[in-house]
Every structure is written in C-alpha cells, then in structure tokens.
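To start, the structure itself, in structure tokens.
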2 protein chains.
Amino acid sequence: MREIAPFRVMEIMAQAKAMEAAGRDIVHMEIGEPDFVSPQPVIDAAIAAQRAGLTHYTPAAGLSALREAIAGHYQDRFGVAVDPARILVTPGASGALQLALGASIDPGDRVLITDPGYPCNRHLISLFGGRATTLPVSVENGYAVTPRSLEESLTEDVRALMLASPANPTGHSIENHLLRDLLIRLRQSNDRLLICDEIYQGLQYERPPETACALSGDDLIVINSFSKFFGMTGWRVGWLVAPKAMVEPIERLAQNLFLAAPTAAQHAAVAALGETSLEILEARRTAFWERRDFLYDALQQLGFGVGERPRGAFYLYVDAAAFTDNSDRFAQQLLAQTGVAITPGSDFGTHRADHHVRFAYTTALDRLAVGVERLRGFLRAGG
Amino acid sequence: MREIAPFRVMEIMAQAKAMEAAGRDIVHMEIGEPDFVSPQPVIDAAIAAQRAGLTHYTPAAGLSALREAIAGHYQDRFGVAVDPARILVTPGASGALQLALGASIDPGDRVLITDPGYPCNRHLISLFGGRATTLPVSVENGYAVTPRSLEESLTEDVRALMLASPANPTGHSIENHLLRDLLIRLRQSNDRLLICDEIYQGLQYERPPETACALSGDDLIVINSFSKFFGMTGWRVGWLVAPKAMVEPIERLAQNLFLAAPTAAQHAAVAALGETSLEILEARRTAFWERRDFLYDALQQLGFGVGERPRGAFYLYVDAAAFTDNSDRFAQQLLAQTGVAITPGSDFGTHRADHHVRFAYTTALDRLAVGVERLRGFLRAGG
C-alpha cells in the first residue's frame with residue numbers, strides 16, 4: 001500500500017471541482033474520459049435488459065452473446081478470427097488487467113512496463129507480489145519500446161512485458177510488425193507473456209487500427225474496454241483475449257476477484273458493437289481527430305515540444321521544458337491562475353516527467369480554444 | 001494461481017445446466033443468489049439515470065448520494081451513526097474484500113478465516129501475498145469462533161481476523177457482544193484488524209440484525225453488499241466501512257483496482273434503500289424465512305444433522321454423515337440421479353467437509369418441495 005502513490009490527476013480534479021463550486025470556470029483537459037454520453041443504442045439496450053428483469057449474475061466469463069459479438073467485431077473490423085471461448089468479459093479494463101497480472105505473476109516475478117505509462121500497472125504488479133521494471137520510452141523513438149532496450153532488460157526473472165497501443169499518456173501506437181519483433185525477442189525464454197493493452201483501440205486517426213490478436217501465439221494476452229472508443233466509462237465493461245490454456249485458470253480467478261461484470265452493462269455492450277452505435281462512434285472519432293489537430297497545432301505554436309503527431313487515444317503528451325522544470329508546479333499554477341486543468345508527467349513515471357504534461361482533448365473544440373487562450377496568457381506572463 | 005481451487009459449485013452448476021439443456025428438470029439448491037428479480041424501484045432508478053445520460057465514471061469512493069443513503073440506513077435501521085466519509089462504494093462485496101485485504105496485508109502476513117467459510121477469502125489473501133490460517137468452527141459452538149480458539153491462533157504475524165455474520169455456508173450469525181469479546185483479544189496487539197463481512201445482513205430471521213459498525217474502533221472494517229438482501233446481484237454494488245485513517249489509502253487502492261463501481265447501479269442502489277423497495281424486500285425476507293423452516297424441518301426429518309436453526313442468509317449447512325463420507329460424490333450422484341443440485345462441503349474448507357453439504361433455499365417453496373421428495377427417494381434407494 002505504501003508504494004501506491006496517489007494520482008496527481010485526482011488532486012487536480014478535486015481542486016478543479018472545488019474551484020468550480022466556488023464559481024470559477026474550468027477548462028477540463030485533465031480527464032481521461034470521453035465527454036460524450038454513451039450512444040443511445042447502448043442506453044436503450046440496458047433499459048430493455050432491466051425491463052426484462054435481467055438483474056441476476058452472468059457467468060464469470062461474461063454473456064455468451066457478448067463474447068460472440070466481440071469475436072464478430074474482431075472478424076468484421078480487423079479480419080482476425082478469435083475463438084469466443086478465448087474472450088473473457090471483465091468489469092472494465094481494470095478487471096482485465098487484474099486477471100492478466102494475477103494469472104501470470106508469481107511472487108518476485110518482474111514485469112516490464114513503459115515509462116511514461118498507465119500508472120495503475122505498476123501498482124497492480126506490486127499488489128500481486130511482482131516487481132515492475134520500467135523501460136524508458138522517448139519521443140525520439142515515437143515512444144516505442146525498442147528491441148535493443150527490451151533485450152537489455154530481459155533478465156531471467158522477467159515474466160511479462162506490458163505495452164499499450166495506442167498508449168496513455170502519449171497517444172502513440174505500435175504497429176504489429178514492430179510488436180512481432182518484440183515478441184520474437186521475448187520468446188528467447190519460453191515462459192514469458194506479452195500483455196497488450198488496446199483500451200484506446202478505435203480512437204485512431206490517419207491509419208486504421210490494428211490488433212495484437214492478429215499475432216498468433218500462446219504467450220499473448222490482449223486487454224480491451226468499452227470505456228474509451230465505445231464511450232461507456234461508467235458501465236464498467238472490458239474484456240481480455242487469453243491464450244486457450246490460460247482461459248480456465250483466468251476464469252477461476254475472475255470468480256474470486258469479481259464474480260462477473262455488471263449484467264445490464266453487458267447487454268448494453270452488445271448494442272455498442274451494433275451498426276447504429278458504430279456509426280455514432282465513427283462521428284465521434286472524427287470529432288476527436290479535429291480536436292487533436294487543433295490542440296496539437298496550438299501547443300506547437302505556443303512552444304511546447306510536441307514530437308510527431310500521435311495517431312491515437314485522446315491525449316497529447318508534450319515537453320514543457322521551455323517553460324518549467326517542475327511540471328507538477330506548472331500544472332498547479334496553471335490551474336490556480338487560469339482555471340485550465342491538465343495532468344503533470346509525474347503521474348506516468350519518472351523519465352523526463354518533470355518536463356512533461358498531458359493534455360486530454362476530452363472536451364469540446366470551443367472549450368479547448370478557451371483553454372489555449374488562457375494558456376497563452378499564462379505563458380506570456382511567465383508562468 | 002495454482003493454489004486457487006475451482007469452486008465445485010461451478011462444476012455442479014455447469015453440469016446442471018447441461019442436463020437442463022438436454023431436457024431434464026433441475027431443482028437448483030446450489031446457487032447463492034436470490035431467485036427474485038431486483039425490486040421495481042431499483043430498476044426504475046437505473047432507467048431514469050440512464051435516460052438522464054448519467055453514463056460517466058463516478059468518484060472512486062462512489063456517489064455522495066449513495067454514501068449518504070447508506071449512512072442513513074445505518075442510522076434508521078440500526079441506530080448507529082456512521083460518517084458517510086467512512087463509507088466507500090465498491091463493485092460488489094468482491095471489490096470491498098479486495099480493498100480490505102489489499103489495504104491491510106503485507107507479504108507474509110497471516111489472516112485468520114473460518115473453516116467452513118466463503119472460499120474466495122483464502123484465494124484473495126494469497127493473491128495479495130498473505131497467508132490464510134483457518135479456524136475450524138463447528139455446529140457445537142453455533143459455528144462461532146470461540147475466544148479460546150482465537151487466542152490459540154494469535155501468532156505474531158497475524159494481521160487480521162475475517163468473520164462473516166450471517167455466514168456462508170452456515171447461515172449463523174455472531175452477536176455483537178461475542179464480537180466484542182473477540183475484538184478485545186485481537187487488540188492484545190495494536191496492529192490487527194477485524195474484517196466483518198455482513199453481506200447477508202437483512203436476511204435475518206427471529207432476531208433483528210445487528211451491525212459491527214456499532215462497535216467502535218480504528219481496527220474494524222465492515223463489508224456489505226446490495227447483492228443478497230437487496231436482490232441486486234447482477235448490478236455489482238457493495239460497500240465498505242473503513243476506519244477514518246484508512247479511507248484515503250483505500251480510496252487510492254480503489255482507483256487502481258477498479259476506478260469506480262458502475263454508475264447506473266449506484267443510482268439504483270440509492271433507490272434500493274428507499275421505503276418502497278424496503279417494503280418489497282421485507283416481504284421477500286418473510287418468503288425466505290418460510291423456505292428456511294420448510295427445508296430445515298424436511299432435512300431434519302430425512303436424517304441430516306441440522307444443528308440449531310440458523311438465523312440468517314439463505315443456506316442450510318448440514319451433516320450428511322448418515323449417508324456419505326464423501327460429500328463431493330454425494331452431490332454429484334444426487335444431481336445425476338435426481339436432478340437436485342446442491343453444493344458439497346469441500347467448497348468451504350476441509351474441516352468435516354467430507355460429511356457436509358450446503359442447501360440454498362434460493363428457489364420457490366414448491367420447487368424446494370420437489371427437491372425434498374427427490375432427495376427422499378435418493379436416500380431410500382441408498383444414495
């Protein structure tokens with residue numbers, strides 16, 4: 001417990017809410033949650049399930065209809081055949097991460113994660129008795145783990161490599177041919193897993209998304225979620241694609257950890273994969289794309305180090321070294337002085353964290369514009 | 001993972017379902033889930049929340065309105081004042097158990113649990129790097145942990161005692177004056193916790209329920225759920241009452257483990273605590289009470305060792321030594337030959353498990369009657 005640091009973003013959010021309650025206007029660029037309400041077909045399906053009295057537990061692995069719908073989605077969207085029996089529905093990606101780590105870590109095992117990266121990963125690893133080793137990733141390599149840095153970190157006790165594509169906080173993706181390179185190196189020992197977090201899948205621009213499910217192997221776990229692209233954060237439904245041999249033990253673990261994902265939310269998730277919903281989500285993706293371009297151009301123009309235009313998620317992770325060597329203080333002062341909420345790099349690791357901040361474009365274009373103007377004034381005034 | 005045994009009840013359920021699919025009529029007395037659909041006010045509140053577009057995350061600790069409603073429930077029903085700030089809403093009691101254990105166990109710590117007891121507890125303890133030590137409890141002591149057996153087990157490395165009241169699988173409750181005795185002994189060292197699982201609270205007969213929240217102390221965590229008494233299994237909402245000093249670290253842990261409980265389900269849970277819902281639930285409690293008496297009398301008459309009439313939950317944990325010394329085989333044969341599904345004692349521990357089976361009265365009285373008649377035939381035929 002002592003190792004679990006609080007998220008700075010939570011403090012920022014709490015402070016922002018207190019300021020709002022006191023009448024201040026806040027531009028929220030700290031929140032990792034789409035601003036859109038869930039698509040109407042999702043809401044309708046939940047209501048129909050509840051009206052029909054479907055209020056009991058589902059099986060621990062999830063509704064068959066949902067597991068099949070997810071498999072259908074892999075087929076339709078990616079042309080990849082995934083056996084529904086390998087798909088386990090979870091309470092959000094959080095549940096899937098717990099299962100993946102809980103099922104693979106023995107006490108003392110090392111898990112490689114990226115820095116910067118999703119902060120919960122490190123904490124979950126240590127909670128299950130493992131040890132996290134960070135692989136620093138940098139803008140120079142498009143925030144990808146390089147085969148060389150992986151090889152240098154592959155000590156005997158490494159049990160798994162966790163990667164996210166598109167990634168939080170950077171928005172960068174790993175293409176499958178690079179992933180395959182990493183997998184080959186990982187396979188120098190038989191007993192290692194690649195855990196791919198694809199929870200921002202679908203929120204991708206310029207290039208169509210790929211899935212690690214296209215790579216075959218009994219050493220690959222893929223994690224996904226209905227929260228981000230599908231806009232279902234509050235429903236708590238995600239999933240995991242496991243190697244066949246791990247399905248049974250992971251299902252047992254699911255029974256122990258959470259019994260099952262929420263029932264109505266699973267019925268809603270089936271609808272999220274339907275045609276009407278996907279059309280709505282496609283329009284939202286376009287909106288996110290516009291926001292990204294607006295914000296990227298604006299931040300570049302203001303003098304932030306923006307690197308290559310990230311092709312996914314809804315984040316820009318930028319270098320603020322021109323303005324600060326203490327991104328925590330920078331974020332705090334920006335909020336206090338201008339009402340613009342962003343997340344400091346320290347939430348995502350230590351590598352160059354003091355110089356980096358994350359902007360989330362999870363608010364409307366006009367609000368982003370207000371935020372940018374306030375930021376401009378803040379920087380002009382010397383921060 | 002290797003230590004996590006599968007639940008026998010899952011195999012029994014899978015087999016029962018396969019038999020049903022093949023046209024057999026099954027009497028389900030294996031399932032730890034109320035047969036009733038959630039009360040209508042619960043469903044209505046969820047639908048209203050979804051219609052209003054409340055599909056985003058709630059705070060990790062849960063909706064303020066729900067935390068306050070739970071505090072109100074403690075006040076109204078038990079006359080106990082609980083600060084809403086000490087109440088954290090969780091995805092089911094499973095989430096609450098994870099938080100309680102995750103926040104209290106350091107690697108190597110011992111946690112005392114009862115045998116028989118809820119099987120997940122042991123697994124969660126070992127998943128978080130702790131070690132479970134079982135305290136055998138027996139019908140002779142009303143399935144309570146005795147002060148003497150507790151004292152004998154209080155080695156230096158014991159960090160917590162977990163108790164359930166009413167308990168699964170026995171249905172027995174611990175009165176607060178006995179709980180206080182145990183707490184006094186636990187306090188011989190400063191650094192120990194009592195974790196009270198009250199997830200069957202409300203499903204109590206003859207005597208009004210008590211809550212461990214009435215006992216003061218900074219070493220007491222109480223776990224509860226909307227699943228059982230409130231009939232909301234598929235919604236995945238529970239809660240935990242923590243000592244003030246543990247609230248902040250537990251909240252951090254919640255952010256890492258699951259972000260938040262499902263949103264619509266939390267709005268539904270507020271309605272579950274309302275007057276209309278409580279009236280419906282009271283009628284259901286009476287129905288469970290009738291079922292208990294019918295089944296208890298019938299099993300006693302058939303020759304099972306039934307002990308004292310358990311005053312809570314919806315289980316009867318009975319001694320089948322007159323018929324078998326292998327309760328696994330007994331349950332399997334009963335299902336195969338008669339279509340009556342029950343749970344063998346081995347799901348709940350090892351202490352006298354071979355002689356014990358659990359009957360759940362989570363099905364209607366007429367179905368229980370059919371089950372009893374088939375059981376009678378099975379026993380007559382020599383099992």
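How things are named: the first chain in the structure tokens is A, the next is B, and so on; residues count from 1 in each chain; ligands count from 1 in the order shown.
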Identify, on the basis of only C-alpha atoms, every residue whose closest approach to range 70-80 of chain B does not exceed 10 Å; exclude the query and any residue fewer than 2 positions from it along the same chain; express the result as a list in words.
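Final neighbour list, sorted by chain and number: Ser64, Ala65, Leu66, Arg67, Glu68, Val82, Asp83, Pro84, Ala85, Arg86, Ile87, Leu88, Val89, Gly202, Pro208, Pro209, Glu210, Thr211, Ala212, Cys213, Ala214, Leu215, Trp239, Val241, Ala269, Val270, Leu273 and Gly274 of chain B.
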As an MDAnalysis selection string, list the residues of range 162-282 of chain B assigned to strand (DSSP E) by DSSP on the backbone atoms of this structure.
chainID B and resid 162:164 193:197 220:225 238:241
Store the residues picked out above, limited to C-alpha atoms, as a CSV table (one decimal), in the first residue's frame.
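Done, and the output landed in selection.csv:
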chain,number,residue,atom,x,y,z
B,162,MET,CA,-12.2,-12.2,9.0
B,163,LEU,CA,-15.6,-13.1,10.1
B,164,ALA,CA,-19.0,-13.2,8.3
B,193,LEU,CA,-7.8,-5.6,12.1
B,194,LEU,CA,-11.2,-7.2,12.4
B,195,ILE,CA,-12.8,-7.6,9.0
B,196,CYS,CA,-16.6,-8.2,9.3
B,197,ASP,CA,-18.4,-9.5,6.3
B,220,LEU,CA,-12.6,-2.6,12.3
B,221,ILE,CA,-13.6,-2.9,8.6
B,222,VAL,CA,-17.2,-3.8,7.7
B,223,ILE,CA,-18.1,-5.1,4.3
B,224,ASN,CA,-21.5,-5.2,2.8
B,225,SER,CA,-23.4,-5.6,-0.5
B,238,GLY,CA,-21.3,-3.2,-2.4
B,239,TRP,CA,-19.6,-1.1,0.2
B,240,LEU,CA,-17.1,-1.0,2.9
B,241,VAL,CA,-17.0,1.0,6.1
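If you look at CA of Ser327 in chain B and CA of Glu140 in chain B, they are 20.2 Å away from each other.
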Polymer residues at most 10 Å from Gln50 in chain B, only C-alpha atoms, same-chain spacing of 6 or more positions, as a PDB file with N, CA and C atoms, in the first residue's frame:
ATOM      1  N   VAL A  37     -21.943  11.388 -23.891  1.00  0.00           N
ATOM      2  CA  VAL A  37     -22.788  10.393 -23.228  1.00  0.00           C
ATOM      3  C   VAL A  37     -22.743   9.109 -24.077  1.00  0.00           C
ATOM      4  N   SER A  38     -22.944   7.959 -23.460  1.00  0.00           N
ATOM      5  CA  SER A  38     -22.935   6.705 -24.220  1.00  0.00           C
ATOM      6  C   SER A  38     -23.942   6.776 -25.368  1.00  0.00           C
ATOM      7  N   GLN A  40     -26.970   6.219 -27.848  1.00  0.00           N
ATOM      8  CA  GLN A  40     -28.351   5.899 -27.476  1.00  0.00           C
ATOM      9  C   GLN A  40     -28.659   4.390 -27.565  1.00  0.00           C
ATOM     10  N   VAL A  42     -26.867   1.968 -26.843  1.00  0.00           N
ATOM     11  CA  VAL A  42     -26.296   1.362 -25.634  1.00  0.00           C
ATOM     12  C   VAL A  42     -27.266   1.541 -24.466  1.00  0.00           C
ATOM     13  N   ILE A  43     -27.736   2.776 -24.305  1.00  0.00           N
ATOM     14  CA  ILE A  43     -28.675   3.089 -23.228  1.00  0.00           C
ATOM     15  C   ILE A  43     -29.973   2.303 -23.418  1.00  0.00           C
ATOM     16  N   ASP A  44     -30.474   2.265 -24.660  1.00  0.00           N
ATOM     17  CA  ASP A  44     -31.721   1.540 -24.937  1.00  0.00           C
ATOM     18  C   ASP A  44     -31.604   0.055 -24.591  1.00  0.00           C
ATOM     19  N   ALA A  46     -29.610  -1.351 -22.412  1.00  0.00           N
ATOM     20  CA  ALA A  46     -29.567  -1.545 -20.959  1.00  0.00           C
ATOM     21  C   ALA A  46     -30.969  -1.468 -20.375  1.00  0.00           C
ATOM     22  N   ILE A  47     -31.727  -0.474 -20.834  1.00  0.00           N
ATOM     23  CA  ILE A  47     -33.085  -0.297 -20.324  1.00  0.00           C
ATOM     24  C   ILE A  47     -33.941  -1.523 -20.652  1.00  0.00           C
TER      25      ILE A  47
ATOM     26  N   ASP B  44     -36.341   1.028 -11.885  1.00  0.00           N
ATOM     27  CA  ASP B  44     -36.801   2.355 -12.336  1.00  0.00           C
ATOM     28  C   ASP B  44     -35.710   3.415 -12.157  1.00  0.00           C
ATOM     29  N   THR B 263     -22.030   3.119 -12.621  1.00  0.00           N
ATOM     30  CA  THR B 263     -22.741   4.358 -12.288  1.00  0.00           C
ATOM     31  C   THR B 263     -24.253   4.168 -12.118  1.00  0.00           C
ATOM     32  N   ALA B 264     -24.917   3.611 -13.139  1.00  0.00           N
ATOM     33  CA  ALA B 264     -26.371   3.442 -13.043  1.00  0.00           C
ATOM     34  C   ALA B 264     -26.718   2.555 -11.852  1.00  0.00           C
ATOM     35  N   ALA B 265     -25.880   1.552 -11.614  1.00  0.00           N
ATOM     36  CA  ALA B 265     -26.116   0.643 -10.497  1.00  0.00           C
ATOM     37  C   ALA B 265     -26.055   1.380  -9.165  1.00  0.00           C
ATOM     38  N   HIS B 267     -26.915   4.572  -8.736  1.00  0.00           N
ATOM     39  CA  HIS B 267     -28.197   5.284  -8.634  1.00  0.00           C
ATOM     40  C   HIS B 267     -29.308   4.307  -8.242  1.00  0.00           C
TER      41      HIS B 267
END
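Residues in contact with Gly305 in chain B at 10 Å, where only C-alpha atoms are counted and same-chain residues fewer than 4 positions away are skipped, are listed as Val139, Leu299, Gln300, Gln301, Tyr317, Val318, Asp319, Ala320, Ala321, Ala322, His355 and His356 of chain B.
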Okay, now the selection with C-alpha atoms, as a PDB file, in the first residue's frame?
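As a result, result-v2.pdb now contains:
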ATOM      1  CA  VAL B 139     -22.039 -26.902  14.936  1.00  0.00           C
ATOM      2  CA  LEU B 299     -33.843 -32.189   6.097  1.00  0.00           C
ATOM      3  CA  GLN B 300     -34.010 -32.945   9.805  1.00  0.00           C
ATOM      4  CA  GLN B 301     -36.787 -35.415   9.194  1.00  0.00           C
ATOM      5  CA  TYR B 317     -25.180 -26.424   6.016  1.00  0.00           C
ATOM      6  CA  VAL B 318     -25.982 -29.929   7.145  1.00  0.00           C
ATOM      7  CA  ASP B 319     -24.183 -33.054   8.232  1.00  0.00           C
ATOM      8  CA  ALA B 320     -24.723 -35.896   5.782  1.00  0.00           C
ATOM      9  CA  ALA B 321     -22.563 -38.395   7.687  1.00  0.00           C
ATOM     10  CA  ALA B 322     -25.535 -40.731   7.977  1.00  0.00           C
ATOM     11  CA  HIS B 355     -19.586 -35.033   5.686  1.00  0.00           C
ATOM     12  CA  HIS B 356     -21.258 -31.734   4.908  1.00  0.00           C
TER      13      HIS B 356
END
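Excluding Phe378 in chain B itself and same-chain residues fewer than 2 positions from it, the residues having an atom within 12 Å of it are B:Leu302, B:Phe323, B:Phe330, B:Ala331, B:Gln333, B:Leu334, B:Leu335, B:Ala336, B:Gln337, B:Thr338, B:Gly339, B:Val340, B:Gly371, B:Val372, B:Glu373, B:Arg374, B:Leu375, B:Arg376, B:Arg380, B:Ala381, B:Gly382, B:Gly383, counting only C-alpha atoms.
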Can you work out which one of A:Arg187, A:Arg51, A:Arg110, A:His28 has the shortest atom-to-atom distance to chain B, counting only C-alpha atoms?
A:Arg51
Select, as a VMD selection string, those residues of chain A with any atom no more than 6 Å from chain B (distances computed using only C-alpha atoms).
chain A and resid 1 6 37 47 53 55 to 57 94 103 120 127 to 128 233 to 236 252 256 258 262 to 263
Store the residues picked out above, limited to N, CA and C atoms, as a PDB file, in the first residue's frame.
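As written to disk, selection_27.pdb reads:
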ATOM      1  N   MET A   1       0.825  -1.209   0.000  1.00  0.00           N
ATOM      2  CA  MET A   1       0.000   0.000   0.000  1.00  0.00           C
ATOM      3  C   MET A   1       0.860   1.260   0.000  1.00  0.00           C
ATOM      4  N   PRO A   6      -0.612   8.437  -4.827  1.00  0.00           N
ATOM      5  CA  PRO A   6      -1.893   8.969  -5.331  1.00  0.00           C
ATOM      6  C   PRO A   6      -1.686   9.511  -6.745  1.00  0.00           C
ATOM      7  N   VAL A  37     -21.943  11.388 -23.891  1.00  0.00           N
ATOM      8  CA  VAL A  37     -22.788  10.393 -23.228  1.00  0.00           C
ATOM      9  C   VAL A  37     -22.743   9.109 -24.077  1.00  0.00           C
ATOM     10  N   ILE A  47     -31.727  -0.474 -20.834  1.00  0.00           N
ATOM     11  CA  ILE A  47     -33.085  -0.297 -20.324  1.00  0.00           C
ATOM     12  C   ILE A  47     -33.941  -1.523 -20.652  1.00  0.00           C
ATOM     13  N   GLY A  53     -36.082  -7.757 -16.586  1.00  0.00           N
ATOM     14  CA  GLY A  53     -35.745  -8.415 -15.318  1.00  0.00           C
ATOM     15  C   GLY A  53     -34.417  -9.149 -15.338  1.00  0.00           C
ATOM     16  N   THR A  55     -31.542  -9.113 -14.018  1.00  0.00           N
ATOM     17  CA  THR A  55     -30.809  -8.456 -12.938  1.00  0.00           C
ATOM     18  C   THR A  55     -29.929  -9.436 -12.152  1.00  0.00           C
ATOM     19  N   HIS A  56     -29.821 -10.657 -12.653  1.00  0.00           N
ATOM     20  CA  HIS A  56     -29.000 -11.645 -11.944  1.00  0.00           C
ATOM     21  C   HIS A  56     -27.567 -11.665 -12.479  1.00  0.00           C
ATOM     22  N   TYR A  57     -26.701 -12.426 -11.789  1.00  0.00           N
ATOM     23  CA  TYR A  57     -25.322 -12.631 -12.260  1.00  0.00           C
ATOM     24  C   TYR A  57     -25.303 -13.210 -13.671  1.00  0.00           C
ATOM     25  N   SER A  94      -9.843  -2.457 -16.030  1.00  0.00           N
ATOM     26  CA  SER A  94      -9.221  -2.680 -14.721  1.00  0.00           C
ATOM     27  C   SER A  94      -9.325  -4.145 -14.332  1.00  0.00           C
ATOM     28  N   ALA A 103      -2.982 -13.738 -13.026  1.00  0.00           N
ATOM     29  CA  ALA A 103      -2.807 -15.087 -13.569  1.00  0.00           C
ATOM     30  C   ALA A 103      -1.374 -15.355 -14.000  1.00  0.00           C
ATOM     31  N   CYS A 120      -1.539   2.753 -13.044  1.00  0.00           N
ATOM     32  CA  CYS A 120      -2.070   1.642 -12.249  1.00  0.00           C
ATOM     33  C   CYS A 120      -1.268   0.360 -12.449  1.00  0.00           C
ATOM     34  N   LEU A 127       0.987  -5.130  -6.077  1.00  0.00           N
ATOM     35  CA  LEU A 127      -0.072  -5.688  -5.247  1.00  0.00           C
ATOM     36  C   LEU A 127      -0.113  -7.220  -5.343  1.00  0.00           C
ATOM     37  N   PHE A 128       0.203  -7.749  -6.529  1.00  0.00           N
ATOM     38  CA  PHE A 128       0.190  -9.197  -6.722  1.00  0.00           C
ATOM     39  C   PHE A 128       1.555  -9.821  -6.441  1.00  0.00           C
ATOM     40  N   THR A 233     -17.639   4.543 -20.124  1.00  0.00           N
ATOM     41  CA  THR A 233     -16.824   4.511 -18.901  1.00  0.00           C
ATOM     42  C   THR A 233     -17.586   4.043 -17.656  1.00  0.00           C
ATOM     43  N   GLY A 234     -18.759   4.644 -17.436  1.00  0.00           N
ATOM     44  CA  GLY A 234     -19.486   4.385 -16.197  1.00  0.00           C
ATOM     45  C   GLY A 234     -20.142   3.009 -16.113  1.00  0.00           C
ATOM     46  N   TRP A 235     -20.048   2.219 -17.183  1.00  0.00           N
ATOM     47  CA  TRP A 235     -20.716   0.919 -17.208  1.00  0.00           C
ATOM     48  C   TRP A 235     -19.833  -0.198 -16.683  1.00  0.00           C
ATOM     49  N   ARG A 236     -18.562   0.013 -16.749  1.00  0.00           N
ATOM     50  CA  ARG A 236     -17.559  -0.947 -16.267  1.00  0.00           C
ATOM     51  C   ARG A 236     -17.619  -2.285 -16.998  1.00  0.00           C
ATOM     52  N   ARG A 252     -11.335 -18.956 -13.263  1.00  0.00           N
ATOM     53  CA  ARG A 252     -11.362 -19.221 -11.824  1.00  0.00           C
ATOM     54  C   ARG A 252     -10.996 -17.973 -11.035  1.00  0.00           C
ATOM     55  N   ASN A 256     -13.170 -15.426  -8.249  1.00  0.00           N
ATOM     56  CA  ASN A 256     -12.686 -14.984  -6.951  1.00  0.00           C
ATOM     57  C   ASN A 256     -12.591 -13.470  -6.830  1.00  0.00           C
ATOM     58  N   PHE A 258     -14.100 -10.956  -8.825  1.00  0.00           N
ATOM     59  CA  PHE A 258     -15.266 -10.082  -9.005  1.00  0.00           C
ATOM     60  C   PHE A 258     -16.545 -10.806  -9.404  1.00  0.00           C
ATOM     61  N   PRO A 262     -21.002  -6.328 -14.598  1.00  0.00           N
ATOM     62  CA  PRO A 262     -22.418  -5.999 -14.398  1.00  0.00           C
ATOM     63  C   PRO A 262     -23.281  -6.478 -15.568  1.00  0.00           C
ATOM     64  N   THR A 263     -24.459  -6.975 -15.257  1.00  0.00           N
ATOM     65  CA  THR A 263     -25.281  -7.668 -16.244  1.00  0.00           C
ATOM     66  C   THR A 263     -25.866  -6.734 -17.304  1.00  0.00           C
TER      67      THR A 263
END
Which of range 221-287 of chain B DSSP labels alpha helix (DSSP H), written as a PyMOL selection string
chain B and resi 244-257+263-272+275-287
Please measure the separation of CA of Arg311 in chain A and CA of Thr276 in chain A, giving the value in Å to one decimal.
24.9 Å
